[in-house]
file query28.txt (compact mmCIF, C-alpha atoms and all ligand atoms)
# COMPACT_ATOMS: atom_id res chain seq x y z
CA MET A 513 -22.07 18.82 -15.46
CA THR A 514 -22.83 15.57 -13.68
CA ILE A 515 -20.06 12.96 -13.68
CA ILE A 516 -19.49 9.54 -12.10
CA ARG A 517 -16.96 9.32 -9.30
CA SER A 518 -15.81 6.41 -7.14
CA GLN A 519 -16.65 7.01 -3.49
CA VAL A 520 -15.28 5.01 -0.56
CA LEU A 521 -18.25 3.46 1.24
CA GLY A 522 -16.21 1.70 3.89
CA LEU A 523 -12.81 0.32 4.76
CA GLY A 524 -11.18 -2.36 6.87
CA ALA A 525 -7.81 -3.66 7.97
CA TYR A 526 -6.30 -6.87 9.25
CA LEU A 527 -2.96 -7.60 10.87
CA PRO A 528 -1.65 -11.04 11.83
CA SER A 529 -1.35 -11.44 15.60
CA THR A 530 2.40 -12.21 15.85
CA ILE A 531 4.52 -9.13 16.59
CA LEU A 532 8.20 -9.30 15.62
CA THR A 533 10.20 -6.63 17.46
CA ASN A 534 13.56 -5.10 16.57
CA GLU A 535 15.03 -6.73 19.67
CA GLU A 536 13.98 -10.18 18.43
CA LEU A 537 15.52 -9.46 15.01
CA ALA A 538 18.76 -8.37 16.68
CA ARG A 539 19.02 -11.89 18.09
CA ARG A 540 18.78 -13.34 14.54
CA VAL A 541 21.01 -11.00 12.49
CA ASP A 542 23.75 -8.44 13.16
CA THR A 543 21.51 -5.43 13.79
CA SER A 544 20.16 -3.37 16.69
CA ASP A 545 16.96 -1.66 17.78
CA ASP A 546 18.87 1.65 17.65
CA TRP A 547 19.99 1.18 14.03
CA ILE A 548 16.55 0.12 12.77
CA THR A 549 14.68 2.84 14.67
CA GLU A 550 17.09 5.60 13.71
CA ARG A 551 17.46 4.67 10.02
CA THR A 552 13.84 3.62 9.32
CA GLY A 553 11.45 4.52 12.19
CA ILE A 554 10.36 0.86 12.42
CA ARG A 555 10.01 -0.62 15.93
CA SER A 556 8.05 -3.79 15.17
CA ARG A 557 6.17 -5.51 12.37
CA ARG A 558 3.53 -8.26 12.12
CA VAL A 559 4.35 -11.69 10.71
CA ALA A 560 1.78 -14.18 9.43
CA ALA A 561 1.62 -17.50 11.28
CA GLN A 562 2.60 -20.73 9.56
CA GLY A 563 -0.27 -21.65 7.25
CA GLU A 564 -1.71 -18.12 7.38
CA MET A 565 -1.68 -16.91 3.80
CA THR A 566 -2.19 -13.66 1.92
CA SER A 567 -5.74 -14.76 1.07
CA HIS A 568 -6.55 -15.13 4.80
CA LEU A 569 -5.31 -11.60 5.52
CA ALA A 570 -7.15 -10.28 2.45
CA HIS A 571 -10.38 -12.07 3.39
CA ASN A 572 -10.34 -10.67 6.94
CA ALA A 573 -9.71 -7.12 5.70
CA ALA A 574 -12.49 -7.61 3.11
CA LEU A 575 -15.00 -8.74 5.75
CA ALA A 576 -14.16 -5.67 7.86
CA ALA A 577 -14.52 -3.33 4.87
CA LEU A 578 -17.83 -4.85 3.71
CA SER A 579 -19.25 -4.62 7.24
CA ASN A 580 -18.03 -1.02 7.61
CA ALA A 581 -19.60 -0.15 4.22
CA GLY A 582 -22.85 -1.99 4.94
CA VAL A 583 -22.42 -3.82 1.62
CA LYS A 584 -23.08 -7.52 1.00
CA ALA A 585 -20.65 -9.63 -1.06
CA GLU A 586 -23.36 -10.30 -3.65
CA GLU A 587 -23.56 -6.56 -4.39
CA LEU A 588 -19.93 -6.53 -5.63
CA ASP A 589 -19.24 -6.40 -9.36
CA LEU A 590 -15.48 -6.69 -9.06
CA ILE A 591 -12.76 -7.69 -6.60
CA VAL A 592 -9.23 -6.41 -7.20
CA VAL A 593 -6.40 -7.60 -4.98
CA ALA A 594 -3.06 -5.80 -5.11
CA THR A 595 -0.41 -8.27 -3.99
CA THR A 596 3.09 -9.41 -4.80
CA THR A 597 2.85 -12.43 -2.48
CA PRO A 598 -0.03 -14.60 -3.76
CA ASP A 599 -0.80 -17.92 -2.04
CA GLU A 600 -0.10 -19.75 -5.30
CA THR A 601 1.27 -18.73 -8.69
CA PHE A 602 -2.31 -19.12 -9.86
CA PRO A 603 -5.21 -18.68 -9.38
CA SER A 604 -5.34 -15.13 -8.12
CA VAL A 605 -5.83 -14.25 -4.46
CA ALA A 606 -8.85 -12.26 -5.66
CA THR A 607 -10.66 -15.39 -6.88
CA ILE A 608 -9.85 -17.20 -3.62
CA VAL A 609 -11.34 -14.28 -1.66
CA GLN A 610 -14.32 -14.21 -4.05
CA ALA A 611 -15.09 -17.85 -3.23
CA ARG A 612 -14.69 -17.33 0.53
CA LEU A 613 -17.03 -14.34 0.43
CA GLY A 614 -19.62 -16.42 -1.41
CA MET A 615 -19.67 -14.04 -4.36
CA THR A 616 -20.71 -15.96 -7.47
CA ARG A 617 -21.09 -13.17 -10.01
CA GLY A 618 -18.86 -10.45 -11.42
CA ALA A 619 -15.09 -10.78 -11.76
CA ALA A 620 -11.98 -10.96 -9.60
CA PHE A 621 -8.31 -10.53 -10.43
CA ASP A 622 -4.95 -9.59 -8.91
CA ILE A 623 -2.68 -6.77 -9.92
CA GLN A 624 1.07 -6.68 -9.41
CA ALA A 625 2.72 -3.32 -8.80
CA VAL A 626 4.54 -4.26 -5.58
CA CYS A 627 4.47 -1.40 -3.05
CA SER A 628 2.47 0.83 -5.43
CA GLY A 629 -0.16 -1.90 -5.80
CA PHE A 630 -2.90 -0.17 -3.85
CA ILE A 631 -2.49 3.09 -5.81
CA TYR A 632 -2.53 1.11 -9.08
CA GLY A 633 -5.60 -0.71 -7.72
CA LEU A 634 -7.36 2.58 -7.05
CA ALA A 635 -6.63 3.62 -10.64
CA VAL A 636 -7.99 0.31 -12.01
CA ALA A 637 -11.11 0.33 -9.82
CA ASP A 638 -11.80 3.99 -10.50
CA ASN A 639 -11.54 3.47 -14.25
CA PHE A 640 -13.88 0.45 -14.15
CA ILE A 641 -16.38 2.53 -12.19
CA ARG A 642 -16.14 5.69 -14.28
CA CYS A 643 -16.45 3.67 -17.52
CA GLY A 644 -19.62 2.10 -16.15
CA GLN A 645 -18.28 -1.46 -16.26
CA ALA A 646 -18.61 -1.87 -12.47
CA LYS A 647 -20.72 -0.12 -9.88
CA THR A 648 -19.37 -1.57 -6.64
CA VAL A 649 -15.74 -2.68 -6.29
CA LEU A 650 -13.83 -4.27 -3.42
CA LEU A 651 -10.16 -3.27 -3.55
CA ILE A 652 -7.73 -5.06 -1.24
CA GLY A 653 -4.00 -4.59 -0.65
CA ALA A 654 -2.66 -7.74 1.04
CA GLU A 655 0.85 -9.07 1.58
CA THR A 656 2.88 -11.70 3.38
CA MET A 657 6.24 -10.04 2.68
CA SER A 658 7.82 -12.16 5.44
CA ARG A 659 7.72 -15.07 2.96
CA LEU A 660 10.01 -13.18 0.52
CA MET A 661 12.67 -12.34 3.09
CA ASP A 662 16.18 -13.70 3.19
CA TRP A 663 16.31 -13.88 6.99
CA THR A 664 20.13 -13.75 6.90
CA ASP A 665 20.17 -10.40 5.04
CA ARG A 666 20.02 -7.59 7.61
CA THR A 667 19.69 -4.94 4.90
CA THR A 668 16.20 -6.15 3.97
CA CYS A 669 14.70 -8.50 6.59
CA VAL A 670 14.31 -5.72 9.19
CA LEU A 671 12.17 -3.58 6.88
CA PHE A 672 9.11 -5.58 5.88
CA GLY A 673 5.92 -6.86 7.52
CA ASP A 674 2.61 -8.58 6.76
CA GLY A 675 -0.95 -7.20 6.69
CA ALA A 676 -3.97 -6.26 4.61
CA GLY A 677 -6.29 -3.31 4.07
CA ALA A 678 -9.42 -2.98 1.94
CA VAL A 679 -11.89 -0.40 0.67
CA VAL A 680 -15.34 -0.73 -0.89
CA LEU A 681 -15.84 1.75 -3.73
CA ARG A 682 -19.15 2.64 -5.35
CA ALA A 683 -20.19 4.80 -8.29
CA ALA A 684 -21.88 8.08 -7.35
CA GLU A 685 -23.15 10.99 -9.43
CA CYS A 686 -21.19 14.15 -8.64
CA GLU A 687 -20.95 17.77 -9.78
CA GLY A 688 -17.55 17.32 -11.42
CA THR A 689 -15.65 19.75 -9.17
CA SER A 690 -12.83 19.27 -6.66
CA ALA A 691 -15.44 19.69 -3.91
CA ASP A 692 -16.97 16.30 -4.88
CA ARG A 693 -16.56 13.39 -2.51
CA GLY A 694 -14.64 10.42 -3.97
CA ILE A 695 -11.56 9.80 -6.06
CA LEU A 696 -10.67 13.07 -7.80
CA THR A 697 -7.70 11.70 -9.73
CA THR A 698 -5.16 8.87 -9.86
CA GLN A 699 -1.68 9.17 -11.37
CA ILE A 700 0.41 6.07 -12.04
CA TYR A 701 3.90 5.64 -13.49
CA SER A 702 6.59 3.02 -14.03
CA ASP A 703 10.18 2.77 -15.24
CA GLY A 704 11.21 -0.81 -15.96
CA ARG A 705 14.87 0.15 -16.45
CA LEU A 706 15.26 0.29 -12.67
CA HIS A 707 14.52 -3.43 -12.17
CA ASP A 708 17.90 -4.24 -10.59
CA LEU A 709 17.47 -1.80 -7.70
CA LEU A 710 14.55 -3.75 -6.20
CA TYR A 711 13.41 -7.22 -7.28
CA VAL A 712 12.87 -10.82 -6.18
CA ASP A 713 15.51 -13.26 -7.41
CA GLY A 714 13.12 -16.07 -8.30
CA GLY A 715 9.86 -16.95 -9.99
CA PRO A 716 8.02 -19.69 -11.88
CA SER A 717 9.50 -18.86 -15.28
CA SER A 718 13.09 -18.24 -14.16
CA THR A 719 14.14 -20.35 -11.17
CA GLN A 720 10.90 -22.24 -10.46
CA THR A 721 11.31 -21.02 -6.86
CA THR A 722 9.76 -18.13 -4.95
CA GLY A 723 13.06 -16.31 -4.47
CA HIS A 724 14.07 -13.56 -2.04
CA LEU A 725 13.70 -9.81 -2.11
CA ARG A 726 16.88 -7.96 -3.11
CA MET A 727 17.26 -4.20 -2.78
CA GLN A 728 19.87 -1.51 -3.22
CA GLY A 729 18.28 0.55 -0.46
CA LYS A 730 20.29 3.74 -0.83
CA GLU A 731 19.51 3.96 -4.55
CA VAL A 732 15.80 3.24 -4.00
CA PHE A 733 15.73 5.92 -1.31
CA LYS A 734 17.11 8.57 -3.71
CA HIS A 735 14.46 7.84 -6.35
CA ALA A 736 11.61 7.58 -3.83
CA ILE A 737 11.45 11.20 -2.66
CA ASN A 738 11.74 12.64 -6.20
CA ASN A 739 9.22 10.27 -7.78
CA ILE A 740 6.68 10.62 -5.00
CA THR A 741 6.97 14.41 -4.96
CA SER A 742 6.36 14.65 -8.71
CA ALA A 743 3.38 12.25 -8.48
CA VAL A 744 1.87 14.41 -5.71
CA HIS A 745 2.27 17.57 -7.80
CA ALA A 746 0.73 15.78 -10.82
CA ALA A 747 -2.33 14.75 -8.80
CA ALA A 748 -2.83 18.26 -7.39
CA GLU A 749 -2.54 19.77 -10.87
CA ALA A 750 -4.93 17.23 -12.44
CA ALA A 751 -7.56 17.88 -9.77
CA GLY A 752 -7.09 21.66 -9.81
CA VAL A 753 -6.11 21.91 -6.15
CA SER A 754 -3.00 23.10 -4.35
CA VAL A 755 -0.71 20.73 -2.43
CA ASN A 756 -1.36 23.06 0.53
CA ASP A 757 -5.10 22.21 0.34
CA VAL A 758 -4.37 18.57 1.23
CA ASP A 759 -5.49 17.76 4.78
CA TRP A 760 -3.67 14.42 5.11
CA PHE A 761 -0.81 12.79 3.21
CA ILE A 762 -1.21 9.01 3.48
CA PRO A 763 2.00 7.57 2.09
CA HIS A 764 3.39 4.12 1.48
CA GLN A 765 5.24 3.29 4.69
CA ALA A 766 8.78 2.37 3.60
CA ASN A 767 10.96 4.58 5.77
CA GLN A 768 10.16 7.46 8.16
CA ARG A 769 13.04 9.39 6.58
CA ILE A 770 11.31 9.12 3.18
CA LEU A 771 8.06 10.41 4.71
CA ASP A 772 9.92 13.34 6.34
CA GLY A 773 11.99 14.07 3.22
CA THR A 774 8.89 14.08 1.01
CA ALA A 775 7.01 16.44 3.35
CA LYS A 776 10.02 18.75 3.38
CA LYS A 777 10.34 18.73 -0.41
CA LEU A 778 6.61 19.40 -0.80
CA GLY A 779 6.87 22.24 1.72
CA VAL A 780 4.13 20.82 3.96
CA PRO A 781 4.36 20.18 7.70
CA GLY A 782 5.23 16.60 8.63
CA SER A 783 2.34 16.75 11.11
CA ARG A 784 -0.05 16.32 8.14
CA THR A 785 1.50 12.94 7.22
CA ILE A 786 0.00 9.71 8.58
CA SER A 787 2.77 7.41 9.77
CA THR A 788 2.19 3.82 10.87
CA ILE A 789 5.68 2.64 10.06
CA ALA A 790 6.69 2.16 13.71
CA GLU A 791 4.21 -0.69 14.22
CA HIS A 792 3.64 -1.98 10.66
CA GLY A 793 7.01 -1.72 8.90
CA ASN A 794 6.80 -1.88 5.11
CA THR A 795 3.76 -4.00 4.18
CA SER A 796 4.06 -3.26 0.45
CA ALA A 797 0.60 -3.05 -1.21
CA ALA A 798 -1.09 -3.19 2.21
CA SER A 799 0.67 -0.18 3.70
CA VAL A 800 -1.47 2.65 2.27
CA PRO A 801 -4.87 1.12 3.16
CA LEU A 802 -3.54 0.13 6.60
CA ALA A 803 -2.41 3.72 7.23
CA LEU A 804 -5.72 5.05 5.90
CA ALA A 805 -7.72 2.68 8.10
CA THR A 806 -5.65 3.71 11.15
CA ALA A 807 -6.24 7.42 10.56
CA VAL A 808 -9.97 6.95 9.91
CA ALA A 809 -10.38 4.76 13.01
CA ASP A 810 -8.62 7.21 15.32
CA GLY A 811 -10.69 10.14 13.99
CA ARG A 812 -7.93 12.13 12.32
CA VAL A 813 -9.47 11.73 8.86
CA LYS A 814 -12.86 13.42 8.72
CA ARG A 815 -15.63 13.55 6.13
CA GLY A 816 -14.96 16.15 3.42
CA GLN A 817 -11.19 16.29 3.97
CA LEU A 818 -8.75 16.05 1.09
CA LEU A 819 -6.45 12.98 1.22
CA LEU A 820 -3.35 12.41 -0.88
CA LEU A 821 -2.33 8.75 -1.09
CA GLU A 822 1.04 7.90 -2.65
CA ALA A 823 3.51 5.04 -3.05
CA MET A 824 6.63 3.83 -4.80
CA GLY A 825 7.96 0.31 -5.24
CA GLY A 826 9.69 -2.33 -7.32
CA GLY A 827 9.59 -2.05 -11.08
CA PHE A 828 9.97 0.85 -10.42
CA THR A 829 6.33 1.75 -10.06
CA TRP A 830 4.94 4.81 -8.35
CA GLY A 831 1.81 6.91 -8.19
CA SER A 832 -0.68 9.00 -6.25
CA ALA A 833 -4.40 9.33 -5.69
CA LEU A 834 -6.35 12.33 -4.48
CA ILE A 835 -9.54 11.49 -2.59
CA ARG A 836 -12.12 13.78 -1.00
CA TRP A 837 -13.22 11.72 2.02
O1 LIG A 901 8.94 -0.18 -0.46
C1 LIG A 901 9.78 -0.10 -1.57
C2 LIG A 901 10.63 1.04 -1.47
N1 LIG A 901 11.70 0.78 -0.52
C3 LIG A 901 12.26 1.81 0.04
O2 LIG A 901 11.84 2.90 -0.17
C4 LIG A 901 13.50 1.59 0.88
C5 LIG A 901 14.44 2.71 0.63
N2 LIG A 901 15.69 2.60 1.33
C6 LIG A 901 15.82 2.73 2.66
O3 LIG A 901 14.83 2.85 3.35
C7 LIG A 901 17.19 2.78 3.25
O4 LIG A 901 18.16 2.94 2.24
C8 LIG A 901 17.54 1.55 4.11
C9 LIG A 901 16.76 1.57 5.39
C10 LIG A 901 17.27 0.28 3.34
C11 LIG A 901 19.04 1.58 4.47
O5 LIG A 901 19.35 2.81 5.14
P1 LIG A 901 20.64 3.66 4.71
O6 LIG A 901 20.71 4.79 5.60
O7 LIG A 901 20.50 3.92 3.23
O8 LIG A 901 21.81 2.67 5.03
P2 LIG A 901 22.92 2.06 4.04
O9 LIG A 901 22.32 1.05 3.14
O10 LIG A 901 23.72 3.18 3.45
O11 LIG A 901 23.84 1.32 5.09
C12 LIG A 901 24.61 2.06 6.07
C13 LIG A 901 25.36 1.05 6.93
C14 LIG A 901 26.09 0.00 6.11
O12 LIG A 901 27.31 -0.32 6.79
P3 LIG A 901 28.69 0.31 6.28
O13 LIG A 901 28.86 -0.16 4.86
O14 LIG A 901 28.52 1.79 6.38
O15 LIG A 901 29.66 -0.26 7.24
C15 LIG A 901 25.20 -1.20 6.16
O16 LIG A 901 25.88 -2.41 6.02
O17 LIG A 901 24.41 0.32 7.72
C16 LIG A 901 24.62 -1.07 7.56
N3 LIG A 901 23.35 -1.74 7.72
C17 LIG A 901 22.87 -2.15 8.90
N4 LIG A 901 23.40 -2.07 10.13
C18 LIG A 901 22.67 -2.59 11.15
C19 LIG A 901 22.43 -2.03 6.76
N5 LIG A 901 21.37 -2.66 7.32
C20 LIG A 901 21.63 -2.74 8.64
C21 LIG A 901 20.91 -3.25 9.73
N6 LIG A 901 21.46 -3.15 10.96
N7 LIG A 901 19.71 -3.83 9.61
call {"tool": "encode", "arguments": {"input": "query28.txt", "output": "C-alpha cells"}}
result
Amino acid sequence: MTIIRSQVLGLGAYLPSTILTNEELARRVDTSDDWITERTGIRSRRVAAQGEMTSHLAHNAALAALSNAGVKAEELDLIVVATTTPDETFPSVATIVQARLGMTRGAAFDIQAVCSGFIYGLAVADNFIRCGQAKTVLLIGAETMSRLMDWTDRTTCVLFGDGAGAVVLRAAECEGTSADRGILTTQIYSDGRLHDLLYVDGGPSSTQTTGHLRMQGKEVFKHAINNITSAVHAAAEAAGVSVNDVDWFIPHQANQRILDGTAKKLGVPGSRTISTIAEHGNTSAASVPLALATAVADGRVKRGQLLLLEAMGGGFTWGSALIRW
C-alpha cells in the first residue's frame, strides 16, 4: 500500500554569537562552574544580542535549512514556528519570517508548547502533509529564552540559552512500512494540571508584562524521565519497531542527568544519545533541531538510520517523533 510520509529534505541551525560561560554567571549570581556542570552538564550557552530577536534567529536557521534542502521560499506551502518567546504578542514569528523570506503564498503560524514545541511542530506539519493540505513545510524551533530569565534567580538563569533550528519537510510516496524514509510517527501529550511546576509569571492578559520563568526544578525532573520514557515506548509501538532498533536518541536538552536517566530507564547505552547541552544549555523549542543539526553535520546521523526525537516542557507538554533519516 502506498502512503504519504513527510521526509526531511534539509535542515539548518543558527546560534547567536555571544557565549555566556558558567564563570561569567558565577560573577552575577551565587553559583559556580562546578555546581552547574555537575548538576546539569551545561558549560556555556548563547545569548542573543540587544535588538536580536527570535525572528532573526528563526530567519537565519530557515535560510540555512532552505539552502541545505535546495528548496526556494516560494515552494513552501506552510511555515510553522515553535516558540514561546515571540518578538511581539502578535503577529506570529512565522509571518515575520514569511515576509523576510519573500514568501507571498500559503500560510504561516506559531505554535506554543514550550520545550516540546518542535515535537508538536513535527506532529502539526506531518498531519498537514499526510492530509494533503500542504506539500512542502518549513518547521522552525526558535527561542530567546534569555529574555524570560530572572537574572537574580540562580535556580533558573543558569539553565537556558538562545538559538534556532529548522527543517524542510516534503510529502513523498512510501511503501507504508517502518523501512520508509520520513516521519514514521509522532506522539504528543499534555497535562495542564502541572502548570505551577513550570510557567512564566506574566503575559498580556494577566499582568500586561512579559514575566519571568519560574520552575520547581526537582519536581519537573521527576516527571521528565517518566513522561519521556513512556512517549518513546509509545512511538516505538506505533511504528512497529523496538526501542533497541533506534540508532540515535535526539532529546530535548534540559539536563544531562535527564538524558542519562532516560537512557538508563530505556535500557539503551547513553552513547546512542546526542547531547549538545554543554554548549547550548536549554534552548526550549530550538534544542531538538539544534541537536539534530549538530549530529547530521558531524556525520553521526546517516541516511537510513532510525532517529527518536523527544521532549518535555511547560504545560506540561511532552512527546516523541520517530524518523527514518
Ligand atoms: O525544559 C523544561 C524542562 N526542565 C527541566 O527538565 C529541568 C528539570 N530540573 C533540573 O534540571 C534540576 O532539578 C535543576 C538543574 C533545575 C536543579 O538541580 P537539582 O539537583 O534538582 O537541585 P535542587 O533544586 O534540589 O537544589 C539543590 C541545592 C539547593 O540548595 P539547598 O537547599 O540544598 O541548600 C539549591 O538552592 O542547590 C542549590 N542551587 C544552586 N546552587 C548553586 C540551585 N541552583 C543553584 C545554582 N548554583 N545555580
call {"tool": "axis_aligned_box", "arguments": {"input": "query28.txt", "around": "ligand LIG 901 (chain A)", "padding_each_side": "5 Å", "output": "JSON"}}
result
{"center_x": 19.3, "center_y": 0.5, "center_z": 4.8, "size_x": 30.7, "size_y": 18.6, "size_z": 22.7}
call {"tool": "residues_near_ligand", "arguments": {"input": "query28.txt", "ligand": "ligand LIG 901 (chain A)", "cutoff": "9 Å", "atoms": "all atoms listed in the file", "output": "VMD selection string"}}
result
chain A and resid 537 to 538 541 to 548 550 to 552 626 to 628 665 to 672 710 727 to 737 764 to 770 794 to 797 823 to 826 828
call {"tool": "closest_residue", "arguments": {"input": "query28.txt", "among": "A:Leu588, A:Ile740, A:Ala807, A:Ala560", "to": "Gly773 (chain A)", "atoms": "all atoms listed in the file"}}
result
A:Ile740
call {"tool": "closest_residue", "arguments": {"input": "query28.txt", "among": "A:Arg682, A:Arg784, A:Arg617, A:Arg659", "to": "Arg642 (chain A)", "atoms": "only C-alpha atoms"}}
result
A:Arg682
call {"tool": "residues_near_point", "arguments": {"input": "query28.txt", "point": "(-1.7, -12.1, 17.5)", "cutoff": "12 Å", "atoms": "only C-alpha atoms", "output": "ChimeraX atom specification"}}
result
/A:526-532,557-561,564,675
call {"tool": "write_last_selection", "arguments": {"input": "query28.txt", "atoms": "C-alpha atoms", "output": "tab-separated table (two decimals), in the frame of the given file"}}
result
chain	number	residue	atom	x	y	z
A	526	TYR	CA	-6.30	-6.87	9.25
A	527	LEU	CA	-2.96	-7.60	10.87
A	528	PRO	CA	-1.65	-11.04	11.83
A	529	SER	CA	-1.35	-11.44	15.60
A	530	THR	CA	2.40	-12.21	15.85
A	531	ILE	CA	4.52	-9.13	16.59
A	532	LEU	CA	8.20	-9.30	15.62
A	557	ARG	CA	6.17	-5.51	12.37
A	558	ARG	CA	3.53	-8.26	12.12
A	559	VAL	CA	4.35	-11.69	10.71
A	560	ALA	CA	1.78	-14.18	9.43
A	561	ALA	CA	1.62	-17.50	11.28
A	564	GLU	CA	-1.71	-18.12	7.38
A	675	GLY	CA	-0.95	-7.20	6.69
call {"tool": "closest_residue", "arguments": {"input": "query28.txt", "among": "A:Ile789, A:Leu650, A:Ala570, A:Ala747", "to": "Ile695 (chain A)", "atoms": "all atoms listed in the file"}}
result
A:Ala747
call {"tool": "atom_distance", "arguments": {"input": "query28.txt", "atom1": "CA of Thr829 (chain A)", "atom2": "CA of Ile515 (chain A)"}}
result
28.9 Å
call {"tool": "decode", "arguments": {"input": "query28.txt", "residues": "region 551-569 of chain A", "atoms": "N, CA, C and O atoms", "output": "JSON list (two decimals), in the first residue's frame"}}
result
[["chain", "number", "residue", "atom", "x", "y", "z"],
["A", 551, "ARG", "N", 25.54, 19.41, 38.13],
["A", 551, "ARG", "CA", 24.09, 19.17, 38.26],
["A", 551, "ARG", "C", 23.36, 19.19, 36.92],
["A", 551, "ARG", "O", 22.23, 18.70, 36.84],
["A", 552, "THR", "N", 23.97, 19.80, 35.87],
["A", 552, "THR", "CA", 23.22, 19.94, 34.60],
["A", 552, "THR", "C", 24.00, 19.50, 33.36],
["A", 552, "THR", "O", 23.40, 19.21, 32.33],
["A", 553, "GLY", "N", 25.33, 19.54, 33.41],
["A", 553, "GLY", "CA", 26.14, 19.26, 32.21],
["A", 553, "GLY", "C", 26.39, 20.50, 31.35],
["A", 553, "GLY", "O", 27.11, 20.45, 30.36],
["A", 554, "ILE", "N", 25.78, 21.64, 31.75],
["A", 554, "ILE", "CA", 25.92, 22.87, 30.93],
["A", 554, "ILE", "C", 27.24, 23.58, 31.28],
["A", 554, "ILE", "O", 27.57, 23.74, 32.46],
["A", 555, "ARG", "N", 27.97, 23.98, 30.22],
["A", 555, "ARG", "CA", 29.21, 24.74, 30.44],
["A", 555, "ARG", "C", 29.07, 26.18, 29.94],
["A", 555, "ARG", "O", 29.65, 27.10, 30.48],
["A", 556, "SER", "N", 28.30, 26.34, 28.87],
["A", 556, "SER", "CA", 28.05, 27.68, 28.34],
["A", 556, "SER", "C", 26.74, 27.66, 27.56],
["A", 556, "SER", "O", 26.20, 26.58, 27.27],
["A", 557, "ARG", "N", 26.26, 28.83, 27.24],
["A", 557, "ARG", "CA", 25.04, 28.96, 26.43],
["A", 557, "ARG", "C", 25.20, 30.21, 25.58],
["A", 557, "ARG", "O", 26.04, 31.06, 25.87],
["A", 558, "ARG", "N", 24.39, 30.32, 24.50],
["A", 558, "ARG", "CA", 24.42, 31.52, 23.65],
["A", 558, "ARG", "C", 23.32, 32.47, 24.10],
["A", 558, "ARG", "O", 22.24, 32.04, 24.50],
["A", 559, "VAL", "N", 23.61, 33.76, 23.96],
["A", 559, "VAL", "CA", 22.62, 34.79, 24.33],
["A", 559, "VAL", "C", 22.48, 35.78, 23.18],
["A", 559, "VAL", "O", 23.48, 36.29, 22.66],
["A", 560, "ALA", "N", 21.25, 36.04, 22.78],
["A", 560, "ALA", "CA", 21.00, 36.97, 21.67],
["A", 560, "ALA", "C", 21.44, 38.38, 22.05],
["A", 560, "ALA", "O", 21.29, 38.80, 23.21],
["A", 561, "ALA", "N", 21.99, 39.09, 21.07],
["A", 561, "ALA", "CA", 22.44, 40.47, 21.30],
["A", 561, "ALA", "C", 21.21, 41.37, 21.46],
["A", 561, "ALA", "O", 20.09, 41.01, 21.07],
["A", 562, "GLN", "N", 21.44, 42.56, 22.04],
["A", 562, "GLN", "CA", 20.35, 43.52, 22.16],
["A", 562, "GLN", "C", 19.80, 43.80, 20.76],
["A", 562, "GLN", "O", 20.59, 44.04, 19.82],
["A", 563, "GLY", "N", 18.51, 43.75, 20.59],
["A", 563, "GLY", "CA", 17.90, 44.00, 19.29],
["A", 563, "GLY", "C", 17.82, 42.77, 18.40],
["A", 563, "GLY", "O", 17.16, 42.79, 17.37],
["A", 564, "GLU", "N", 18.52, 41.70, 18.80],
["A", 564, "GLU", "CA", 18.44, 40.44, 18.02],
["A", 564, "GLU", "C", 17.27, 39.65, 18.57],
["A", 564, "GLU", "O", 17.24, 39.29, 19.75],
["A", 565, "MET", "N", 16.29, 39.40, 17.71],
["A", 565, "MET", "CA", 15.04, 38.81, 18.19],
["A", 565, "MET", "C", 14.87, 37.37, 17.70],
["A", 565, "MET", "O", 15.61, 36.90, 16.84],
["A", 566, "THR", "N", 13.85, 36.72, 18.26],
["A", 566, "THR", "CA", 13.56, 35.33, 17.88],
["A", 566, "THR", "C", 13.40, 35.22, 16.36],
["A", 566, "THR", "O", 13.88, 34.26, 15.75],
["A", 567, "SER", "N", 12.75, 36.22, 15.74],
["A", 567, "SER", "CA", 12.54, 36.14, 14.29],
["A", 567, "SER", "C", 13.86, 36.18, 13.52],
["A", 567, "SER", "O", 13.98, 35.56, 12.46],
["A", 568, "HIS", "N", 14.87, 36.88, 14.07],
["A", 568, "HIS", "CA", 16.18, 36.91, 13.40],
["A", 568, "HIS", "C", 16.83, 35.53, 13.46],
["A", 568, "HIS", "O", 17.38, 35.04, 12.46],
["A", 569, "LEU", "N", 16.77, 34.91, 14.64],
["A", 569, "LEU", "CA", 17.34, 33.57, 14.80],
["A", 569, "LEU", "C", 16.60, 32.59, 13.87],
["A", 569, "LEU", "O", 17.22, 31.77, 13.18]]
